[in-house]
Amino acid sequence: MIRVIVADDHPVFRRGLAMILAAEPSFQVAGEAANGGELLSLLDRVAANVVCLDINMPGLSGLELIAEVHKRAPRLPVLILSQYPEKQMAVRAIRQGASGYVTKDAEPGVLIGAIRKLAEGKKHFSEEVTELLAEQFQAPMGQPHEALSNREMRVMVMLAGGDSVSGIGEKLNLSVKTVSTYRTRVLEKLKLRSNAELIRYALEHKLIE
Amino acid sequence: MAALGEALSLIDGAIASTRQIASGLRPPVLDHFGLAAAIEDHVKEFERATGLLCDCDVQEGLELPRGQALAIFRILQESLTNIVRHSGATEAMITLIEEEDELVLCVSDNGNGLRPQQGRPAGGLGLVGMRERASAYGGELHVTSMHGRGTVVEARFPLPRRKERTA
């Protein structure tokens, strides 16, 4: 019996996934969480074989949450669910301890298969992510955006996704000046000159779609 | 209830050790490894002691007068203490960043915010102390809080313009 914790802030997706799992004979939903706090609390209270974790839940960095889960339960594999095909985010998620990465537009069968693999101690990544990992391994600092800190990366992806500096400030509880500074640093490190170039860079490197 | 009691005593212990540090001793990490390391260290310890999730991004390589580095560190300590004591938050974000001509420390949380007309004496939050530490180095402290959406403590210090600094 594979016991799965589902952590996602979208109630319909969360319930849908829980129902799909409940319909599979060898799976059982060990618990549901709508945010990071609930997930961590669940870890203390229920036994599970796999955690399905939405990387984009509100609150602070999904990467920090992965690291925290991995720290508290090092042998519990974490499967990241993502609404966006942010493949570089997959690499960072793996660095923080994730064992698998699946986008939410995947077929239910793919998701079930991924959970099963993780429960068996294996990993699950798409071909593209596997390629990225290989690239990382061969030339770890090869890509300019590897020089970005997690926070800079986060701001960069939000900018490339169309968020304004003030919008990012509101979401991250940072002043506009601070977000502007991150933006400037990102542009400098990536040798870009405008948001338009940043979007193109992000598209070329499959950081957004 | 027993678990709650245990959690509270853990937090009290963390605050007590913070007070011990605050009462006089300079943290050795600050002197030997610099402000960034001291903050990261402190935040890690804070996470461990309180269970709050912290997202920390601090700028390395800052060259600050020791007194100023210590003042910033104390503001950070006090802000974190307030978060665990008053806010009901589960997450905090810590930022130390060098902007064009200012050095900024920003500590925010996802707690209850500060209610207006709370009747809590200013000293209860250490705001007066934090403001004094900031202004001792030409800085300003801003505390913003929209009730229910968390609190942001921002300390801004003037820095010589970049060009002058690297000359």
# chains A, B, ... in the order shown; residues from 1 in each chain; ligands from 1
$ residues_around --residues "Val102 in chain A" --least-positions-apart "5" --cutoff "9 Å" --atoms "only C-alpha atoms" --output "ChimeraX atom specification"
/A:79-83,85,110-111,114,124-126
$ write_last_selection --atoms "N, CA, C and O atoms" --output "CSV table (one decimal), in the first residue's frame"
chain,number,residue,atom,x,y,z
A,79,LEU,N,7.6,14.5,-4.5
A,79,LEU,CA,7.3,14.7,-5.9
A,79,LEU,C,6.8,16.1,-6.1
A,79,LEU,O,5.8,16.4,-5.5
A,80,ILE,N,7.5,16.9,-6.9
A,80,ILE,CA,7.0,18.2,-7.1
A,80,ILE,C,6.0,18.3,-8.2
A,80,ILE,O,6.1,17.7,-9.3
A,81,LEU,N,4.9,19.0,-7.9
A,81,LEU,CA,3.9,19.3,-8.9
A,81,LEU,C,4.0,20.7,-9.3
A,81,LEU,O,4.0,21.6,-8.4
A,82,SER,N,4.1,21.0,-10.6
A,82,SER,CA,4.2,22.4,-11.0
A,82,SER,C,3.2,22.8,-12.0
A,82,SER,O,3.0,22.0,-13.0
A,83,GLN,N,2.6,24.0,-11.9
A,83,GLN,CA,1.7,24.5,-12.8
A,83,GLN,C,2.5,25.0,-14.1
A,83,GLN,O,1.9,25.2,-15.1
A,85,PRO,N,5.9,25.0,-16.6
A,85,PRO,CA,7.1,24.1,-17.0
A,85,PRO,C,8.4,24.8,-16.7
A,85,PRO,O,9.2,25.0,-17.6
A,110,VAL,N,0.6,9.3,-15.9
A,110,VAL,CA,2.0,9.7,-15.7
A,110,VAL,C,2.2,10.0,-14.2
A,110,VAL,O,3.3,9.6,-13.6
A,111,LEU,N,1.3,10.7,-13.6
A,111,LEU,CA,1.4,11.1,-12.2
A,111,LEU,C,1.5,9.9,-11.3
A,111,LEU,O,2.3,9.7,-10.4
A,114,ALA,N,4.7,8.1,-11.7
A,114,ALA,CA,5.8,8.9,-11.0
A,114,ALA,C,5.7,8.6,-9.5
A,114,ALA,O,6.8,8.3,-8.9
A,124,HIS,N,11.8,10.4,-10.7
A,124,HIS,CA,11.1,10.6,-11.9
A,124,HIS,C,11.2,12.0,-12.4
A,124,HIS,O,10.8,13.0,-11.8
A,125,PHE,N,11.8,12.1,-13.6
A,125,PHE,CA,11.9,13.4,-14.3
A,125,PHE,C,11.6,13.3,-15.8
A,125,PHE,O,11.9,12.2,-16.3
A,126,SER,N,11.1,14.3,-16.4
A,126,SER,CA,10.9,14.3,-17.8
A,126,SER,C,12.3,14.2,-18.5
A,126,SER,O,13.3,14.6,-17.9
$ interface_residues --of "chain B" --to "chain A" --cutoff "9 Å" --atoms "only C-alpha atoms" --output "ChimeraX atom specification"
/B:52-57,90-93,95,97-100,104,106-110,150-152,154
$ select_by_dssp --residues "range 22-162 of chain B" --states "strand (DSSP E)" --output "VMD selection string"
chain B and resid 53 to 58 91 to 98 102 to 109 140 to 145 151 to 158
$ select_by_dssp --residues "chain A" --states "alpha helix (DSSP H)" --output "PyMOL selection string"
chain A and resi 11-23+36-45+62-72+87-96+108-119+127-138+150-160+165-172+176-190+195-204
$ residues_around --residues "Leu159 in chain B" --least-positions-apart "3" --cutoff "8 Å" --atoms "only C-alpha atoms" --output "ChimeraX atom specification"
/B:101-103
$ residues_around --residues "range 135-138 of chain B" --least-positions-apart "2" --cutoff "7 Å" --atoms "only C-alpha atoms" --output "PyMOL selection string"
chain B and resi 68+131-133+140+157-158
$ write_last_selection --atoms "C-alpha atoms" --output "PDB file, in the first residue's frame"
ATOM      1  CA  GLN B  68      27.040  49.196  12.427  1.00  0.00           C
ATOM      2  CA  ARG B 131      14.981  52.892  15.847  1.00  0.00           C
ATOM      3  CA  GLU B 132      17.831  54.109  18.009  1.00  0.00           C
ATOM      4  CA  ARG B 133      20.200  51.492  16.636  1.00  0.00           C
ATOM      5  CA  GLU B 140      15.736  54.834   9.484  1.00  0.00           C
ATOM      6  CA  PHE B 157      21.093  52.917   6.067  1.00  0.00           C
ATOM      7  CA  PRO B 158      22.834  55.412   3.834  1.00  0.00           C
TER       8      PRO B 158
END
$ atom_distance --atom1 "CA of Gln96 in chain A" --atom2 "CA of Ile66 in chain A"
6.1 Å
$ atom_distance --atom1 "CA of Val78 in chain A" --atom2 "CA of Glu146 in chain A"
22.9 Å
$ residues_around --residues "Arg72 in chain A" --least-positions-apart "5" --cutoff "9 Å" --atoms "only C-alpha atoms" --output "list in words"
Leu40, Leu43, Asp44 and Ala67 of chain A
$ residues_around --residues "Ala69 in chain B" --least-positions-apart "2" --cutoff "10 Å" --atoms "only C-alpha atoms" --output "ChimeraX atom specification"
/B:30-31,34-36,38,62-67,71-74,137
$ closest_residue --among "B:Glu78, B:Glu40, B:Glu47, B:Glu60" --to "Leu125 in chain B" --atoms "only C-alpha atoms"
B:Glu78
$ residues_around --residues "range 89-91 of chain A" --least-positions-apart "2" --cutoff "9 Å" --atoms "only C-alpha atoms" --output "list of chain:residue names"
A:Leu63, A:Ile80, A:Pro85, A:Glu86, A:Lys87, A:Ala93, A:Ile94, A:Arg95, A:Gln96, A:Ala98, A:Gly100, A:Tyr101, A:Phe125, A:Val129, A:Leu132, A:Leu133, A:Gln136, A:Met153, A:Leu207
$ closest_residue --among "A:Ala47, A:Met57, A:Val12, A:Ile168" --to "Met156 in chain A" --atoms "only C-alpha atoms"
A:Ile168
$ atom_distance --atom1 "CA of Arg156 in chain B" --atom2 "CA of Gly139 in chain B"
5.3 Å
$ decode --residues "range 18-138 of chain A" --atoms "C-alpha atoms" --output "PDB file, in the first residue's frame"
ATOM      1  CA  ALA A  18      -6.877  12.628  -3.871  1.00  0.00           C
ATOM      2  CA  MET A  19      -9.829  11.040  -5.672  1.00  0.00           C
ATOM      3  CA  ILE A  20      -7.623   9.718  -8.466  1.00  0.00           C
ATOM      4  CA  LEU A  21      -5.311   8.167  -5.889  1.00  0.00           C
ATOM      5  CA  ALA A  22      -8.191   6.740  -3.872  1.00  0.00           C
ATOM      6  CA  ALA A  23      -9.453   5.028  -7.027  1.00  0.00           C
ATOM      7  CA  GLU A  24      -6.153   3.165  -7.454  1.00  0.00           C
ATOM      8  CA  PRO A  25      -6.174  -0.108  -5.522  1.00  0.00           C
ATOM      9  CA  SER A  26      -2.609   0.108  -4.208  1.00  0.00           C
ATOM     10  CA  PHE A  27      -2.728   3.763  -3.193  1.00  0.00           C
ATOM     11  CA  GLN A  28      -4.074   5.481  -0.126  1.00  0.00           C
ATOM     12  CA  VAL A  29      -4.258   9.167   0.709  1.00  0.00           C
ATOM     13  CA  ALA A  30      -2.452   9.605   4.010  1.00  0.00           C
ATOM     14  CA  GLY A  31      -3.379  13.264   4.325  1.00  0.00           C
ATOM     15  CA  GLU A  32      -4.034  16.547   2.550  1.00  0.00           C
ATOM     16  CA  ALA A  33      -2.447  19.933   3.124  1.00  0.00           C
ATOM     17  CA  ALA A  34      -3.303  23.341   1.681  1.00  0.00           C
ATOM     18  CA  ASN A  35      -0.107  25.104   2.688  1.00  0.00           C
ATOM     19  CA  GLY A  36       3.410  24.601   4.008  1.00  0.00           C
ATOM     20  CA  GLY A  37       2.433  24.781   7.656  1.00  0.00           C
ATOM     21  CA  GLU A  38      -0.227  22.108   7.289  1.00  0.00           C
ATOM     22  CA  LEU A  39       2.181  19.889   5.381  1.00  0.00           C
ATOM     23  CA  LEU A  40       4.867  20.070   8.048  1.00  0.00           C
ATOM     24  CA  SER A  41       2.293  19.378  10.721  1.00  0.00           C
ATOM     25  CA  LEU A  42       1.116  16.319   8.768  1.00  0.00           C
ATOM     26  CA  LEU A  43       4.664  14.976   8.588  1.00  0.00           C
ATOM     27  CA  ASP A  44       4.673  14.733  12.361  1.00  0.00           C
ATOM     28  CA  ARG A  45       1.352  12.989  12.537  1.00  0.00           C
ATOM     29  CA  VAL A  46       0.971  10.529   9.662  1.00  0.00           C
ATOM     30  CA  ALA A  47       3.092   7.864   8.067  1.00  0.00           C
ATOM     31  CA  ALA A  48       3.522   8.244   4.324  1.00  0.00           C
ATOM     32  CA  ASN A  49       5.565   6.831   1.474  1.00  0.00           C
ATOM     33  CA  VAL A  50       5.465   9.806  -0.894  1.00  0.00           C
ATOM     34  CA  VAL A  51       4.646  13.514  -0.687  1.00  0.00           C
ATOM     35  CA  CYS A  52       3.103  15.258  -3.687  1.00  0.00           C
ATOM     36  CA  LEU A  53       3.968  18.927  -3.297  1.00  0.00           C
ATOM     37  CA  ASP A  54       2.812  21.887  -5.350  1.00  0.00           C
ATOM     38  CA  ILE A  55       5.823  24.123  -5.688  1.00  0.00           C
ATOM     39  CA  ASN A  56       3.738  27.268  -6.163  1.00  0.00           C
ATOM     40  CA  MET A  57       1.739  27.442  -2.962  1.00  0.00           C
ATOM     41  CA  PRO A  58       1.272  30.903  -1.483  1.00  0.00           C
ATOM     42  CA  GLY A  59       3.629  31.981   1.205  1.00  0.00           C
ATOM     43  CA  LEU A  60       7.313  31.774   0.942  1.00  0.00           C
ATOM     44  CA  SER A  61       9.591  29.927  -1.355  1.00  0.00           C
ATOM     45  CA  GLY A  62       8.548  26.449  -2.425  1.00  0.00           C
ATOM     46  CA  LEU A  63      12.252  25.593  -2.548  1.00  0.00           C
ATOM     47  CA  GLU A  64      12.585  26.357   1.160  1.00  0.00           C
ATOM     48  CA  LEU A  65       9.627  24.095   1.847  1.00  0.00           C
ATOM     49  CA  ILE A  66      11.207  21.204  -0.065  1.00  0.00           C
ATOM     50  CA  ALA A  67      14.405  21.642   1.914  1.00  0.00           C
ATOM     51  CA  GLU A  68      12.441  21.652   5.160  1.00  0.00           C
ATOM     52  CA  VAL A  69      10.503  18.500   4.283  1.00  0.00           C
ATOM     53  CA  HIS A  70      13.707  16.782   3.210  1.00  0.00           C
ATOM     54  CA  LYS A  71      15.406  17.832   6.427  1.00  0.00           C
ATOM     55  CA  ARG A  72      12.631  16.533   8.660  1.00  0.00           C
ATOM     56  CA  ALA A  73      12.015  13.345   6.729  1.00  0.00           C
ATOM     57  CA  PRO A  74      15.111  12.565   4.672  1.00  0.00           C
ATOM     58  CA  ARG A  75      13.857   9.190   3.505  1.00  0.00           C
ATOM     59  CA  LEU A  76      10.448  10.460   2.380  1.00  0.00           C
ATOM     60  CA  PRO A  77      10.534  11.129  -1.353  1.00  0.00           C
ATOM     61  CA  VAL A  78       9.026  14.397  -2.566  1.00  0.00           C
ATOM     62  CA  LEU A  79       7.334  14.651  -5.936  1.00  0.00           C
ATOM     63  CA  ILE A  80       7.016  18.227  -7.111  1.00  0.00           C
ATOM     64  CA  LEU A  81       3.878  19.252  -8.946  1.00  0.00           C
ATOM     65  CA  SER A  82       4.178  22.389 -10.959  1.00  0.00           C
ATOM     66  CA  GLN A  83       1.703  24.503 -12.837  1.00  0.00           C
ATOM     67  CA  TYR A  84       4.465  25.949 -14.944  1.00  0.00           C
ATOM     68  CA  PRO A  85       7.077  24.143 -16.991  1.00  0.00           C
ATOM     69  CA  GLU A  86       9.868  25.918 -15.181  1.00  0.00           C
ATOM     70  CA  LYS A  87      12.481  23.379 -15.916  1.00  0.00           C
ATOM     71  CA  GLN A  88      15.289  25.233 -14.231  1.00  0.00           C
ATOM     72  CA  MET A  89      13.130  25.292 -11.130  1.00  0.00           C
ATOM     73  CA  ALA A  90      13.165  21.513 -11.396  1.00  0.00           C
ATOM     74  CA  VAL A  91      16.945  21.514 -11.119  1.00  0.00           C
ATOM     75  CA  ARG A  92      16.827  23.744  -8.053  1.00  0.00           C
ATOM     76  CA  ALA A  93      14.082  21.612  -6.549  1.00  0.00           C
ATOM     77  CA  ILE A  94      16.297  18.564  -7.022  1.00  0.00           C
ATOM     78  CA  ARG A  95      19.151  20.378  -5.280  1.00  0.00           C
ATOM     79  CA  GLN A  96      16.852  20.950  -2.320  1.00  0.00           C
ATOM     80  CA  GLY A  97      16.030  17.251  -2.130  1.00  0.00           C
ATOM     81  CA  ALA A  98      13.099  16.579  -4.455  1.00  0.00           C
ATOM     82  CA  SER A  99      13.018  13.135  -6.079  1.00  0.00           C
ATOM     83  CA  GLY A 100      10.651  13.866  -8.910  1.00  0.00           C
ATOM     84  CA  TYR A 101       9.052  16.650 -10.918  1.00  0.00           C
ATOM     85  CA  VAL A 102       5.778  16.535 -12.834  1.00  0.00           C
ATOM     86  CA  THR A 103       3.809  19.327 -14.467  1.00  0.00           C
ATOM     87  CA  LYS A 104       0.123  19.525 -13.670  1.00  0.00           C
ATOM     88  CA  ASP A 105      -0.924  19.109 -17.272  1.00  0.00           C
ATOM     89  CA  ALA A 106       0.435  15.574 -17.260  1.00  0.00           C
ATOM     90  CA  GLU A 107      -1.923  12.646 -17.742  1.00  0.00           C
ATOM     91  CA  PRO A 108      -3.134  11.030 -14.502  1.00  0.00           C
ATOM     92  CA  GLY A 109      -1.327   7.850 -15.561  1.00  0.00           C
ATOM     93  CA  VAL A 110       1.991   9.697 -15.681  1.00  0.00           C
ATOM     94  CA  LEU A 111       1.417  11.101 -12.214  1.00  0.00           C
ATOM     95  CA  ILE A 112       0.467   7.698 -10.798  1.00  0.00           C
ATOM     96  CA  GLY A 113       3.527   6.170 -12.445  1.00  0.00           C
ATOM     97  CA  ALA A 114       5.775   8.853 -10.994  1.00  0.00           C
ATOM     98  CA  ILE A 115       4.397   8.324  -7.474  1.00  0.00           C
ATOM     99  CA  ARG A 116       4.919   4.601  -7.826  1.00  0.00           C
ATOM    100  CA  LYS A 117       8.535   5.075  -8.921  1.00  0.00           C
ATOM    101  CA  LEU A 118       9.231   7.380  -5.997  1.00  0.00           C
ATOM    102  CA  ALA A 119       7.682   4.912  -3.574  1.00  0.00           C
ATOM    103  CA  GLU A 120      10.127   2.345  -4.955  1.00  0.00           C
ATOM    104  CA  GLY A 121      13.039   4.623  -4.199  1.00  0.00           C
ATOM    105  CA  LYS A 122      13.528   5.727  -7.798  1.00  0.00           C
ATOM    106  CA  LYS A 123      13.380   9.175  -9.293  1.00  0.00           C
ATOM    107  CA  HIS A 124      11.051  10.603 -11.906  1.00  0.00           C
ATOM    108  CA  PHE A 125      11.886  13.432 -14.271  1.00  0.00           C
ATOM    109  CA  SER A 126      10.897  14.278 -17.811  1.00  0.00           C
ATOM    110  CA  GLU A 127      13.447  13.878 -20.588  1.00  0.00           C
ATOM    111  CA  GLU A 128      13.985  17.611 -20.747  1.00  0.00           C
ATOM    112  CA  VAL A 129      14.745  17.874 -17.040  1.00  0.00           C
ATOM    113  CA  THR A 130      17.068  14.875 -17.302  1.00  0.00           C
ATOM    114  CA  GLU A 131      18.917  16.653 -20.101  1.00  0.00           C
ATOM    115  CA  LEU A 132      19.196  19.789 -18.000  1.00  0.00           C
ATOM    116  CA  LEU A 133      20.585  17.760 -15.124  1.00  0.00           C
ATOM    117  CA  ALA A 134      23.184  16.197 -17.387  1.00  0.00           C
ATOM    118  CA  GLU A 135      24.175  19.660 -18.600  1.00  0.00           C
ATOM    119  CA  GLN A 136      24.441  20.843 -14.999  1.00  0.00           C
ATOM    120  CA  PHE A 137      26.613  17.917 -14.110  1.00  0.00           C
ATOM    121  CA  GLN A 138      28.955  18.456 -17.019  1.00  0.00           C
TER     122      GLN A 138
END
